[in-house]
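Beneath this line is the structure, given in structure tokens, with notes to follow.
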Amino acid sequence: MSPKEVADDARKDLRALVNKLKPLSKRMEREFRVSPKGVDRIEQAITWRSPRGNEWILVLIRSKRSTQMAGLVRYHGRDARLRAVRVDLLGSDGDIYFSAHFFERYLKRFNKSKDPPAPVRFLLREPRA
């Protein structure tokens, strides 16, 4: 499948995705309300396999003003190499494609025996100063 086909197929999971994230979002909102004063945001990353078979890595970021989410679908091409597409679920930005070459270069510095989604999670984090 091409990255565009993967992203279009992943968008069909949107209803199931919302149902999955509703309770998690409410729980994070409660945690944020009772958190100490110095905490200005809470992040949580989960892996989820949709009923359609897409393997998602979702990151929820709860701040004082809003809840943000980022979704990434990982897949293997015909040559069985790991690839990923960061799917824009809200339609405001374009999708971002991460090639197999990108992951091969990254995995040279990463322990391959760990959880397979682990090297992909870093793509969803926001840069911090």
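Chain lettering (A, B, ...) mirrors the order of the structure tokens, residue numbering begins at 1 for each chain separately, and ligand numbering begins at 1 in order of display.
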Output as a PDB file with C-alpha atoms, in the first residue's frame all residues of chain A that backbone DSSP marks as alpha helix (DSSP H).
ATOM      1  CA  PRO A   3       1.329   5.992   2.314  1.00  0.00           C
ATOM      2  CA  LYS A   4      -1.761   7.825   1.010  1.00  0.00           C
ATOM      3  CA  GLU A   5      -3.761   4.585   0.912  1.00  0.00           C
ATOM      4  CA  VAL A   6      -2.642   3.747   4.462  1.00  0.00           C
ATOM      5  CA  ALA A   7      -3.672   7.212   5.716  1.00  0.00           C
ATOM      6  CA  ASP A   8      -7.058   7.024   3.949  1.00  0.00           C
ATOM      7  CA  ASP A   9      -7.690   3.568   5.384  1.00  0.00           C
ATOM      8  CA  ALA A  10      -6.662   4.737   8.861  1.00  0.00           C
ATOM      9  CA  ARG A  11      -9.176   7.609   8.745  1.00  0.00           C
ATOM     10  CA  LEU A  14     -12.076   7.534  13.366  1.00  0.00           C
ATOM     11  CA  ARG A  15     -15.363   6.490  15.012  1.00  0.00           C
ATOM     12  CA  ALA A  16     -13.745   3.573  16.856  1.00  0.00           C
ATOM     13  CA  LEU A  17     -10.856   5.831  17.779  1.00  0.00           C
ATOM     14  CA  VAL A  18     -13.154   8.409  19.373  1.00  0.00           C
ATOM     15  CA  ASN A  19     -14.912   5.666  21.357  1.00  0.00           C
ATOM     16  CA  LYS A  20     -11.543   4.393  22.558  1.00  0.00           C
ATOM     17  CA  LEU A  21     -10.258   7.822  23.587  1.00  0.00           C
ATOM     18  CA  LYS A  22     -13.351   9.242  25.335  1.00  0.00           C
ATOM     19  CA  PRO A  23     -12.871   7.440  28.672  1.00  0.00           C
ATOM     20  CA  LEU A  24      -9.117   7.964  28.537  1.00  0.00           C
ATOM     21  CA  SER A  25      -9.551  11.687  27.930  1.00  0.00           C
ATOM     22  CA  LYS A  26     -11.990  12.035  30.831  1.00  0.00           C
ATOM     23  CA  ARG A  27      -9.604  10.191  33.142  1.00  0.00           C
ATOM     24  CA  MET A  28      -6.733  12.449  32.091  1.00  0.00           C
ATOM     25  CA  GLU A  29      -8.906  15.504  32.716  1.00  0.00           C
ATOM     26  CA  ARG A  30      -9.598  14.292  36.277  1.00  0.00           C
ATOM     27  CA  GLU A  31      -5.886  13.588  36.820  1.00  0.00           C
ATOM     28  CA  PHE A  32      -5.016  17.055  35.588  1.00  0.00           C
ATOM     29  CA  ARG A  33      -7.500  18.711  37.980  1.00  0.00           C
ATOM     30  CA  VAL A  34      -6.032  16.951  41.028  1.00  0.00           C
ATOM     31  CA  ALA A 100      11.743   2.255   5.933  1.00  0.00           C
ATOM     32  CA  HIS A 101      15.154   3.847   5.386  1.00  0.00           C
ATOM     33  CA  PHE A 102      14.431   6.332   8.176  1.00  0.00           C
ATOM     34  CA  PHE A 103      13.677   3.508  10.631  1.00  0.00           C
ATOM     35  CA  GLU A 104      16.684   1.450   9.564  1.00  0.00           C
ATOM     36  CA  ARG A 105      18.973   4.389  10.295  1.00  0.00           C
ATOM     37  CA  TYR A 106      17.274   4.989  13.629  1.00  0.00           C
ATOM     38  CA  LEU A 107      17.308   1.302  14.648  1.00  0.00           C
ATOM     39  CA  ALA A 118       8.946   1.860  20.922  1.00  0.00           C
ATOM     40  CA  PRO A 119      11.133   3.327  18.164  1.00  0.00           C
ATOM     41  CA  VAL A 120       8.048   4.909  16.625  1.00  0.00           C
ATOM     42  CA  ARG A 121       6.811   6.663  19.787  1.00  0.00           C
TER      43      ARG A 121
END
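Picture a line from CA of Ala45 in chain A to CA of Arg81 in chain A; it runs 23.2 Å.
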Original post:
Leaving out Asp13 in chain A and any residue of its chain fewer than 5 positions from it, which residues lie within 8 Å of it when counting only C-alpha atoms, given as JSON, numbers by chain?
Top reply: {"A": [50, 51, 52]}
Subject >> Backbone-only DSSP, strand (DSSP E or B) members of range 13-115 of chain A, as a ChimeraX atom specification >> reply: /A:41-49,55-63,67-76,82-87,96-98
Using C-alpha atoms, can you export the residues from the last selection as a PDB file, in the first residue's frame?
ATOM      1  CA  ARG A  41       0.451  19.212  31.064  1.00  0.00           C
ATOM      2  CA  ILE A  42      -0.010  15.451  31.164  1.00  0.00           C
ATOM      3  CA  GLU A  43       0.963  13.108  28.321  1.00  0.00           C
ATOM      4  CA  GLN A  44      -0.026   9.520  27.744  1.00  0.00           C
ATOM      5  CA  ALA A  45       0.902   7.216  24.869  1.00  0.00           C
ATOM      6  CA  ILE A  46      -1.033   4.038  24.111  1.00  0.00           C
ATOM      7  CA  THR A  47      -0.821   1.382  21.448  1.00  0.00           C
ATOM      8  CA  TRP A  48      -4.071   0.122  19.976  1.00  0.00           C
ATOM      9  CA  ARG A  49      -5.090  -2.269  17.224  1.00  0.00           C
ATOM     10  CA  GLU A  55      -1.837  -0.650  14.465  1.00  0.00           C
ATOM     11  CA  TRP A  56      -2.100   2.789  16.076  1.00  0.00           C
ATOM     12  CA  ILE A  57       0.175   4.622  18.454  1.00  0.00           C
ATOM     13  CA  LEU A  58      -1.833   7.424  20.046  1.00  0.00           C
ATOM     14  CA  VAL A  59      -0.574  10.252  22.200  1.00  0.00           C
ATOM     15  CA  LEU A  60      -2.940  12.356  24.276  1.00  0.00           C
ATOM     16  CA  ILE A  61      -1.657  15.629  25.687  1.00  0.00           C
ATOM     17  CA  ARG A  62      -3.854  17.317  28.272  1.00  0.00           C
ATOM     18  CA  SER A  63      -3.068  20.918  29.156  1.00  0.00           C
ATOM     19  CA  THR A  67      -6.652  18.135  24.871  1.00  0.00           C
ATOM     20  CA  GLN A  68      -4.500  17.398  21.840  1.00  0.00           C
ATOM     21  CA  MET A  69      -4.009  14.070  20.158  1.00  0.00           C
ATOM     22  CA  ALA A  70      -1.589  12.699  17.644  1.00  0.00           C
ATOM     23  CA  GLY A  71      -2.029   9.430  15.828  1.00  0.00           C
ATOM     24  CA  LEU A  72       0.521   7.351  14.010  1.00  0.00           C
ATOM     25  CA  VAL A  73      -0.182   4.168  12.055  1.00  0.00           C
ATOM     26  CA  ARG A  74       2.680   1.764  11.614  1.00  0.00           C
ATOM     27  CA  TYR A  75       2.693  -0.825   8.860  1.00  0.00           C
ATOM     28  CA  HIS A  76       4.980  -3.105   6.893  1.00  0.00           C
ATOM     29  CA  LEU A  82       8.684  -1.040   9.027  1.00  0.00           C
ATOM     30  CA  ARG A  83       7.062   2.206   7.847  1.00  0.00           C
ATOM     31  CA  ALA A  84       4.757   4.721   9.502  1.00  0.00           C
ATOM     32  CA  VAL A  85       2.325   7.490   8.635  1.00  0.00           C
ATOM     33  CA  ARG A  86       1.463  10.255  11.083  1.00  0.00           C
ATOM     34  CA  VAL A  87      -2.202  10.744  10.295  1.00  0.00           C
ATOM     35  CA  ILE A  96       3.707  12.772   7.398  1.00  0.00           C
ATOM     36  CA  TYR A  97       5.287   9.641   5.943  1.00  0.00           C
ATOM     37  CA  PHE A  98       8.275   7.940   7.578  1.00  0.00           C
TER      38      PHE A  98
END
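Atom pair CA of Arg78 in chain A / CA of Met1 in chain A: separated by 7.9 Å.
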